[in-house]
Amino acid sequence: MAASRRKVGLLIAGALAAGAAAPAEICADDGVARDASAAVLQARIVGAARAGDLDEVVRLVGRQRRDEILAGLAGPRTLAIATAGALGADGAPWALGALEVLSRSPDRRRARAAATAARAVAARLTAEAAAAEDLDGDALAAWSTRWLRAAARERAWIDVRVDSLEVAVALGQVARELGATSPGASSAELLRDADPAMRRAALELLSAPLPAEARAALSAELTRAGDPELARAIAAALCVDVEAAPAATLAALGAPGIARVQELARDGGRAAGDVELARCLQADGAAASRAALRELVRRAPSSWRRALGAVTRKAR
């Protein structure tokens, strides 16, 4: 066995140095031969990753069996990160569970690679693709819940948490399309997170239309929020519904909420959410709201003026 390990070590070193694969027949035992071939392939993946050849990493990972890919995710740092990246590029839904485990790594680069890969997989996942992998709605809802728990870990890095939340919400949506008996994750569960960045992400991922209770809770939070960017995200989440349900949205905002939207608009012109603020001001129609809307357009960068201008023209 020691001799076999030395042979595998020599194969890895040789592959890293020259990128060449030795024949599996180097070992007489079939199991050791398979191990040697897998080790060579992993070494070539590491070599391609260190050379920055991402296409080659994806190609080489694609040559592995699933159990070998999972072993790579649990392997040394460079191999694990390269394997995760390849899974994200390939859109492999079957690996979402293993990626969630890796996203909890205390090594930030491993965790970040896993969460980023899972976000790419979840963003591309359709009901048809899930069914092709024999993943039903309830299985996806369970994964959605697992990723929500990952997002809720307050000691994790914020970028990993936000990516995990995006995964949870995307999987929950596909789970519902597949008729899951449980609803899957909702970003609303993190609206009271201790980190303002996480609360903003949860707001941005809320599904429209908002339930009445969510409107009421967010309107109260809007008037209390001390962080202007958090307040802007809350206002945008509320105002996204205003064209479909103007009366309900304006009633939920009330006079204090409209006043806060006006304040944010006068200091705005910088973010995509400003378009949602503009819709609320247009729907309100009061003189103060019209003035705030004009100021919002005046401050906006040129790239946003067309969208904001369309709202302004409706207000006339």
# chains A, B, ... in the order shown; residues from 1 in each chain; ligands from 1
call {"tool": "residues_around", "arguments": {"residues": "A:Arg146", "least_positions_apart": "5", "cutoff": "9 Å", "atoms": "only C-alpha atoms", "output": "ChimeraX atom specification"}}
result
/A:97,100,141,151,168,185
call {"tool": "write_last_selection", "arguments": {"atoms": "N, CA and C atoms", "output": "compact mmCIF listing (two decimals), in the first residue's frame"}}
result
# COMPACT_ATOMS: atom_id res chain seq x y z
N GLY A 97 -26.46 20.21 -2.62
CA GLY A 97 -26.30 19.82 -1.22
C GLY A 97 -24.85 19.86 -0.78
N GLU A 100 -23.64 23.38 -0.43
CA GLU A 100 -24.10 24.00 0.83
C GLU A 100 -23.19 23.62 1.98
N ALA A 141 -37.53 22.20 -2.13
CA ALA A 141 -37.95 22.99 -0.97
C ALA A 141 -37.05 22.70 0.23
N ALA A 151 -27.83 31.10 5.05
CA ALA A 151 -27.90 32.56 4.97
C ALA A 151 -28.11 33.20 6.33
N ALA A 168 -31.44 30.18 -1.85
CA ALA A 168 -32.64 29.72 -1.16
C ALA A 168 -33.91 30.21 -1.85
N ALA A 185 -38.09 28.47 1.06
CA ALA A 185 -37.64 29.63 1.81
C ALA A 185 -38.21 30.93 1.26
call {"tool": "residues_around", "arguments": {"residues": "A:Thr78", "least_positions_apart": "4", "cutoff": "9 Å", "atoms": "only C-alpha atoms", "output": "list in words"}}
result
Ile45, Val46, Ala49, Arg50, Ala82, Thr83 and Arg110 of chain A
call {"tool": "residues_around", "arguments": {"residues": "A:Ser289", "least_positions_apart": "3", "cutoff": "10 Å", "atoms": "only C-alpha atoms", "output": "number ranges by chain"}}
result
A: 258-259, 261-263, 265-266, 278, 280-286, 292-295, 315
call {"tool": "write_last_selection", "arguments": {"atoms": "all heavy atoms", "output": "CSV table (one decimal), in the first residue's frame"}}
result
chain,number,residue,atom,x,y,z
A,258,ILE,N,-45.1,58.1,3.2
A,258,ILE,CA,-45.0,59.0,2.0
A,258,ILE,C,-43.9,60.1,2.3
A,258,ILE,O,-43.1,60.4,1.4
A,258,ILE,CB,-46.3,59.6,1.7
A,258,ILE,CG1,-47.3,58.5,1.1
A,258,ILE,CG2,-46.2,60.7,0.6
A,258,ILE,CD1,-46.8,57.9,-0.2
A,259,ALA,N,-44.0,60.6,3.5
A,259,ALA,CA,-43.0,61.7,3.8
A,259,ALA,C,-41.6,61.2,3.7
A,259,ALA,O,-40.6,61.8,3.3
A,259,ALA,CB,-43.3,62.3,5.2
A,261,VAL,N,-40.5,58.6,1.9
A,261,VAL,CA,-40.2,58.4,0.5
A,261,VAL,C,-39.8,59.7,-0.2
A,261,VAL,O,-38.9,59.8,-1.0
A,261,VAL,CB,-41.4,57.7,-0.3
A,261,VAL,CG1,-41.2,57.7,-1.8
A,261,VAL,CG2,-41.7,56.3,0.2
A,262,GLN,N,-40.6,60.8,0.1
A,262,GLN,CA,-40.2,62.1,-0.4
A,262,GLN,C,-38.8,62.5,0.0
A,262,GLN,O,-38.0,63.0,-0.8
A,262,GLN,CB,-41.2,63.1,0.1
A,262,GLN,CG,-42.6,62.9,-0.5
A,262,GLN,CD,-43.7,63.7,0.2
A,262,GLN,OE1,-43.4,64.4,1.2
A,262,GLN,NE2,-44.9,63.7,-0.3
A,263,GLU,N,-38.5,62.3,1.3
A,263,GLU,CA,-37.2,62.6,1.8
A,263,GLU,C,-36.1,61.8,1.0
A,263,GLU,O,-35.0,62.4,0.6
A,263,GLU,CB,-37.1,62.3,3.3
A,263,GLU,CG,-35.7,62.5,3.9
A,263,GLU,CD,-35.7,62.0,5.3
A,263,GLU,OE1,-36.7,61.8,6.0
A,263,GLU,OE2,-34.6,61.7,5.8
A,265,ALA,N,-36.3,60.5,-1.9
A,265,ALA,CA,-36.2,61.0,-3.3
A,265,ALA,C,-35.4,62.3,-3.5
A,265,ALA,O,-34.7,62.4,-4.4
A,265,ALA,CB,-37.6,61.2,-3.8
A,266,ARG,N,-35.6,63.2,-2.5
A,266,ARG,CA,-34.9,64.5,-2.6
A,266,ARG,C,-33.4,64.3,-2.5
A,266,ARG,O,-32.6,65.1,-3.0
A,266,ARG,CB,-35.4,65.4,-1.5
A,266,ARG,CG,-36.8,66.0,-1.8
A,266,ARG,CD,-37.1,67.2,-0.9
A,266,ARG,NE,-37.2,66.7,0.5
A,266,ARG,CZ,-38.4,66.3,1.1
A,266,ARG,NH1,-39.5,66.3,0.4
A,266,ARG,NH2,-38.4,65.9,2.3
A,278,ALA,N,-40.1,56.6,-7.4
A,278,ALA,CA,-40.7,57.5,-8.3
A,278,ALA,C,-42.2,57.1,-8.6
A,278,ALA,O,-43.1,57.9,-8.7
A,278,ALA,CB,-40.0,57.6,-9.7
A,280,CYS,N,-44.1,55.5,-6.5
A,280,CYS,CA,-44.9,55.8,-5.3
A,280,CYS,C,-45.3,57.3,-5.3
A,280,CYS,O,-46.4,57.7,-5.0
A,280,CYS,CB,-44.2,55.5,-4.0
A,280,CYS,SG,-44.7,53.9,-3.3
A,281,LEU,N,-44.3,58.1,-5.6
A,281,LEU,CA,-44.6,59.6,-5.6
A,281,LEU,C,-45.6,59.9,-6.7
A,281,LEU,O,-46.5,60.8,-6.5
A,281,LEU,CB,-43.3,60.3,-5.9
A,281,LEU,CG,-42.2,60.2,-4.8
A,281,LEU,CD1,-40.9,60.7,-5.2
A,281,LEU,CD2,-42.7,60.8,-3.5
A,282,GLN,N,-45.5,59.3,-7.9
A,282,GLN,CA,-46.4,59.6,-9.0
A,282,GLN,C,-47.8,59.1,-8.5
A,282,GLN,O,-48.8,59.8,-8.8
A,282,GLN,CB,-46.0,58.8,-10.2
A,282,GLN,CG,-46.9,59.1,-11.4
A,282,GLN,CD,-48.1,58.1,-11.5
A,282,GLN,OE1,-48.0,57.0,-11.0
A,282,GLN,NE2,-49.1,58.5,-12.1
A,283,ALA,N,-48.0,58.0,-7.9
A,283,ALA,CA,-49.3,57.5,-7.4
A,283,ALA,C,-49.9,58.4,-6.4
A,283,ALA,O,-51.1,58.6,-6.3
A,283,ALA,CB,-49.1,56.1,-6.9
A,284,ASP,N,-49.0,58.9,-5.5
A,284,ASP,CA,-49.5,59.8,-4.4
A,284,ASP,C,-50.1,61.1,-5.0
A,284,ASP,O,-51.2,61.6,-4.7
A,284,ASP,CB,-48.4,60.1,-3.4
A,284,ASP,CG,-48.9,61.0,-2.3
A,284,ASP,OD1,-49.9,60.7,-1.6
A,284,ASP,OD2,-48.3,62.1,-2.1
A,285,GLY,N,-49.3,61.7,-5.9
A,285,GLY,CA,-49.8,62.9,-6.6
A,285,GLY,C,-49.9,64.2,-5.9
A,285,GLY,O,-50.2,65.2,-6.5
A,286,ALA,N,-49.5,64.2,-4.6
A,286,ALA,CA,-49.6,65.4,-3.8
A,286,ALA,C,-48.5,66.4,-4.3
A,286,ALA,O,-47.5,66.0,-4.9
A,286,ALA,CB,-49.4,65.2,-2.4
A,292,ALA,N,-40.8,66.3,-5.1
A,292,ALA,CA,-39.7,65.3,-4.8
A,292,ALA,C,-39.4,64.5,-6.0
A,292,ALA,O,-38.2,64.2,-6.3
A,292,ALA,CB,-40.2,64.4,-3.6
A,293,LEU,N,-40.4,64.2,-6.8
A,293,LEU,CA,-40.1,63.4,-8.0
A,293,LEU,C,-39.3,64.2,-9.0
A,293,LEU,O,-38.4,63.7,-9.6
A,293,LEU,CB,-41.5,63.1,-8.7
A,293,LEU,CG,-41.4,62.2,-10.0
A,293,LEU,CD1,-40.6,61.0,-9.8
A,293,LEU,CD2,-42.9,61.9,-10.4
A,294,ARG,N,-39.6,65.5,-9.2
A,294,ARG,CA,-38.8,66.4,-10.1
A,294,ARG,C,-37.3,66.4,-9.6
A,294,ARG,O,-36.4,66.4,-10.4
A,294,ARG,CB,-39.4,67.8,-10.2
A,294,ARG,CG,-40.7,67.8,-11.0
A,294,ARG,CD,-41.0,69.3,-11.3
A,294,ARG,NE,-41.4,70.0,-10.1
A,294,ARG,CZ,-42.6,70.1,-9.5
A,294,ARG,NH1,-43.6,69.5,-10.1
A,294,ARG,NH2,-42.8,70.8,-8.4
A,295,GLU,N,-37.1,66.5,-8.3
A,295,GLU,CA,-35.8,66.6,-7.7
A,295,GLU,C,-35.1,65.3,-7.9
A,295,GLU,O,-33.9,65.3,-8.2
A,295,GLU,CB,-35.8,66.9,-6.2
A,295,GLU,CG,-34.5,67.1,-5.6
A,295,GLU,CD,-33.7,68.2,-6.1
A,295,GLU,OE1,-34.2,69.1,-6.8
A,295,GLU,OE2,-32.5,68.3,-5.7
A,315,ALA,N,-47.0,61.6,-14.3
A,315,ALA,CA,-47.4,62.4,-13.2
A,315,ALA,C,-48.0,63.7,-13.6
A,315,ALA,O,-48.7,64.4,-12.8
A,315,ALA,CB,-46.3,62.6,-12.2
call {"tool": "select_by_dssp", "arguments": {"residues": "stretch 85-306 of chain A", "states": "helix (DSSP H, G or I)", "output": "PyMOL selection string"}}
result
chain A and resi 85-90+93-103+108-124+127-132+137-151+158-177+187-190+196-204+212-224+228-239+246-266+274-284+287-299+302-306
call {"tool": "closest_residue", "arguments": {"among": "A:Val174, A:Leu191, A:Ile158, A:Ala197", "to": "A:Ser144", "atoms": "only C-alpha atoms"}}
result
A:Val174
call {"tool": "residues_around", "arguments": {"residues": "stretch 112-126 of chain A", "least_positions_apart": "2", "cutoff": "6 Å", "atoms": "only C-alpha atoms", "output": "list in words"}}
result
Ile81, Ala84, Gly85, Gly88, Gly91, Leu99, Leu102, Ser103, Arg108, Arg109, Arg110, Glu128, Ala129, Val160, Asp163, Ser164, Val167 and Ala170 of chain A
call {"tool": "write_last_selection", "arguments": {"atoms": "N, CA, C and O atoms", "output": "tab-separated table (two decimals), in the first residue's frame"}}
result
chain	number	residue	atom	x	y	z
A	81	ILE	N	-11.93	24.64	-4.65
A	81	ILE	CA	-12.40	25.90	-5.25
A	81	ILE	C	-12.59	25.73	-6.76
A	81	ILE	O	-13.59	26.19	-7.33
A	84	ALA	N	-15.72	23.59	-7.39
A	84	ALA	CA	-16.94	24.37	-7.17
A	84	ALA	C	-17.21	25.30	-8.35
A	84	ALA	O	-18.34	25.40	-8.83
A	85	GLY	N	-16.17	25.97	-8.82
A	85	GLY	CA	-16.35	26.85	-9.96
A	85	GLY	C	-16.84	26.13	-11.20
A	85	GLY	O	-17.69	26.64	-11.94
A	88	GLY	N	-20.52	25.38	-10.89
A	88	GLY	CA	-21.32	26.56	-11.17
A	88	GLY	C	-21.42	26.84	-12.65
A	88	GLY	O	-22.50	27.16	-13.17
A	91	GLY	N	-23.76	24.33	-14.25
A	91	GLY	CA	-25.15	24.35	-13.81
A	91	GLY	C	-25.62	23.01	-13.30
A	91	GLY	O	-26.66	22.50	-13.73
A	99	LEU	N	-22.47	21.60	-2.18
A	99	LEU	CA	-22.02	22.99	-2.19
A	99	LEU	C	-22.46	23.71	-0.92
A	99	LEU	O	-21.73	24.57	-0.39
A	102	LEU	N	-19.99	22.88	1.73
A	102	LEU	CA	-18.74	23.61	1.55
A	102	LEU	C	-18.90	25.08	1.88
A	102	LEU	O	-17.96	25.73	2.35
A	103	SER	N	-20.09	25.64	1.67
A	103	SER	CA	-20.31	27.06	1.97
A	103	SER	C	-20.19	27.36	3.46
A	103	SER	O	-20.05	28.52	3.84
A	108	ARG	N	-12.67	31.25	4.03
A	108	ARG	CA	-13.55	32.15	3.27
A	108	ARG	C	-13.53	31.84	1.78
A	108	ARG	O	-14.57	31.91	1.11
A	109	ARG	N	-12.38	31.54	1.21
A	109	ARG	CA	-12.31	31.29	-0.23
A	109	ARG	C	-13.11	30.06	-0.62
A	109	ARG	O	-13.79	30.05	-1.65
A	110	ARG	N	-13.05	29.02	0.20
A	110	ARG	CA	-13.86	27.83	-0.08
A	110	ARG	C	-15.35	28.17	0.01
A	110	ARG	O	-16.14	27.82	-0.86
A	128	GLU	N	-38.01	22.11	-15.59
A	128	GLU	CA	-37.69	21.02	-16.50
A	128	GLU	C	-36.32	20.41	-16.19
A	128	GLU	O	-36.16	19.18	-16.19
A	129	ALA	N	-35.33	21.27	-15.90
A	129	ALA	CA	-33.99	20.76	-15.58
A	129	ALA	C	-34.00	19.99	-14.27
A	129	ALA	O	-33.32	18.97	-14.13
A	160	VAL	N	-21.09	35.64	1.44
A	160	VAL	CA	-21.54	34.23	1.42
A	160	VAL	C	-23.01	34.15	1.85
A	160	VAL	O	-23.80	33.41	1.25
A	163	ASP	N	-25.31	35.48	-1.04
A	163	ASP	CA	-25.40	34.47	-2.11
A	163	ASP	C	-26.27	33.29	-1.67
A	163	ASP	O	-27.07	32.77	-2.45
A	164	SER	N	-26.11	32.87	-0.42
A	164	SER	CA	-26.91	31.75	0.10
A	164	SER	C	-28.39	32.09	0.09
A	164	SER	O	-29.24	31.23	-0.23
A	167	VAL	N	-29.71	31.78	-3.40
A	167	VAL	CA	-29.91	30.36	-3.72
A	167	VAL	C	-31.22	29.87	-3.12
A	167	VAL	O	-32.04	29.22	-3.80
A	170	ALA	N	-34.28	31.31	-5.02
A	170	ALA	CA	-34.42	30.75	-6.36
A	170	ALA	C	-34.91	29.30	-6.31
A	170	ALA	O	-35.78	28.89	-7.09
call {"tool": "closest_residue", "arguments": {"among": "A:Leu73, A:Ala236, A:Ala150, A:Ala251", "to": "A:Ala212", "atoms": "only C-alpha atoms"}}
result
A:Ala251
call {"tool": "closest_residue", "arguments": {"among": "A:Leu165, A:Ala202, A:Ala127, A:Ala152", "to": "A:Leu178", "atoms": "only C-alpha atoms"}}
result
A:Ala127
call {"tool": "atom_distance", "arguments": {"atom1": "atom CA of A:Ala80", "atom2": "atom CA of A:Leu205"}}
result
28.9 Å
call {"tool": "residues_around", "arguments": {"residues": "A:Pro209", "least_positions_apart": "6", "cutoff": "10 Å", "atoms": "only C-alpha atoms", "output": "CSV table (one decimal) with N, CA, C and O atoms, in the first residue's frame"}}
result
chain,number,residue,atom,x,y,z
A,215,ARG,N,-46.6,44.4,4.1
A,215,ARG,CA,-46.7,45.8,3.8
A,215,ARG,C,-46.8,46.6,5.1
A,215,ARG,O,-46.1,47.6,5.3
A,237,ALA,N,-39.1,48.2,-2.0
A,237,ALA,CA,-39.9,46.9,-1.8
A,237,ALA,C,-41.4,47.2,-1.7
A,237,ALA,O,-42.2,46.4,-2.3
A,238,LEU,N,-41.7,48.2,-1.0
A,238,LEU,CA,-43.1,48.6,-0.9
A,238,LEU,C,-43.7,49.1,-2.2
A,238,LEU,O,-44.8,48.8,-2.6
A,240,VAL,N,-42.8,48.7,-5.3
A,240,VAL,CA,-42.8,47.9,-6.5
A,240,VAL,C,-44.2,47.4,-6.8
A,240,VAL,O,-44.6,47.1,-7.9
A,241,ASP,N,-45.1,47.4,-5.7
A,241,ASP,CA,-46.5,47.0,-5.9
A,241,ASP,C,-47.5,48.1,-6.3
A,241,ASP,O,-48.6,47.8,-6.6
A,242,VAL,N,-47.0,49.3,-6.3
A,242,VAL,CA,-47.9,50.5,-6.4
A,242,VAL,C,-48.7,50.5,-7.7
A,242,VAL,O,-49.9,50.9,-7.7
A,244,ALA,N,-49.8,48.0,-9.5
A,244,ALA,CA,-50.8,46.9,-9.4
A,244,ALA,C,-51.9,47.2,-8.3
A,244,ALA,O,-53.0,46.8,-8.5
A,245,ALA,N,-51.4,47.7,-7.2
A,245,ALA,CA,-52.3,47.9,-6.0
A,245,ALA,C,-52.0,49.3,-5.4
A,245,ALA,O,-51.5,49.4,-4.3
call {"tool": "residues_around", "arguments": {"residues": "A:Ser207", "least_positions_apart": "5", "cutoff": "10 Å", "atoms": "only C-alpha atoms", "output": "list in words"}}
result
Val169, Gln173, Ser186, Ser187, Ala188, Ala237 and Val240 of chain A
call {"tool": "closest_residue", "arguments": {"among": "A:Glu204, A:Ala74, A:Leu41, A:Glu276", "to": "A:Arg59", "atoms": "only C-alpha atoms"}}
result
A:Leu41
call {"tool": "closest_residue", "arguments": {"among": "A:Val275, A:Cys239, A:Val162, A:Val297", "to": "A:Trp147", "atoms": "only C-alpha atoms"}}
result
A:Val162
call {"tool": "atom_distance", "arguments": {"atom1": "atom CA of A:Ala51", "atom2": "atom CA of A:Pro76"}}
result
16.8 Å
call {"tool": "atom_distance", "arguments": {"atom1": "atom CA of A:Gly62", "atom2": "atom CA of A:Ala130"}}
result
18.8 Å
call {"tool": "closest_residue", "arguments": {"among": "A:Ala139, A:Ala156, A:Leu308, A:Leu206", "to": "A:Ala233", "atoms": "only C-alpha atoms"}}
result
A:Leu206
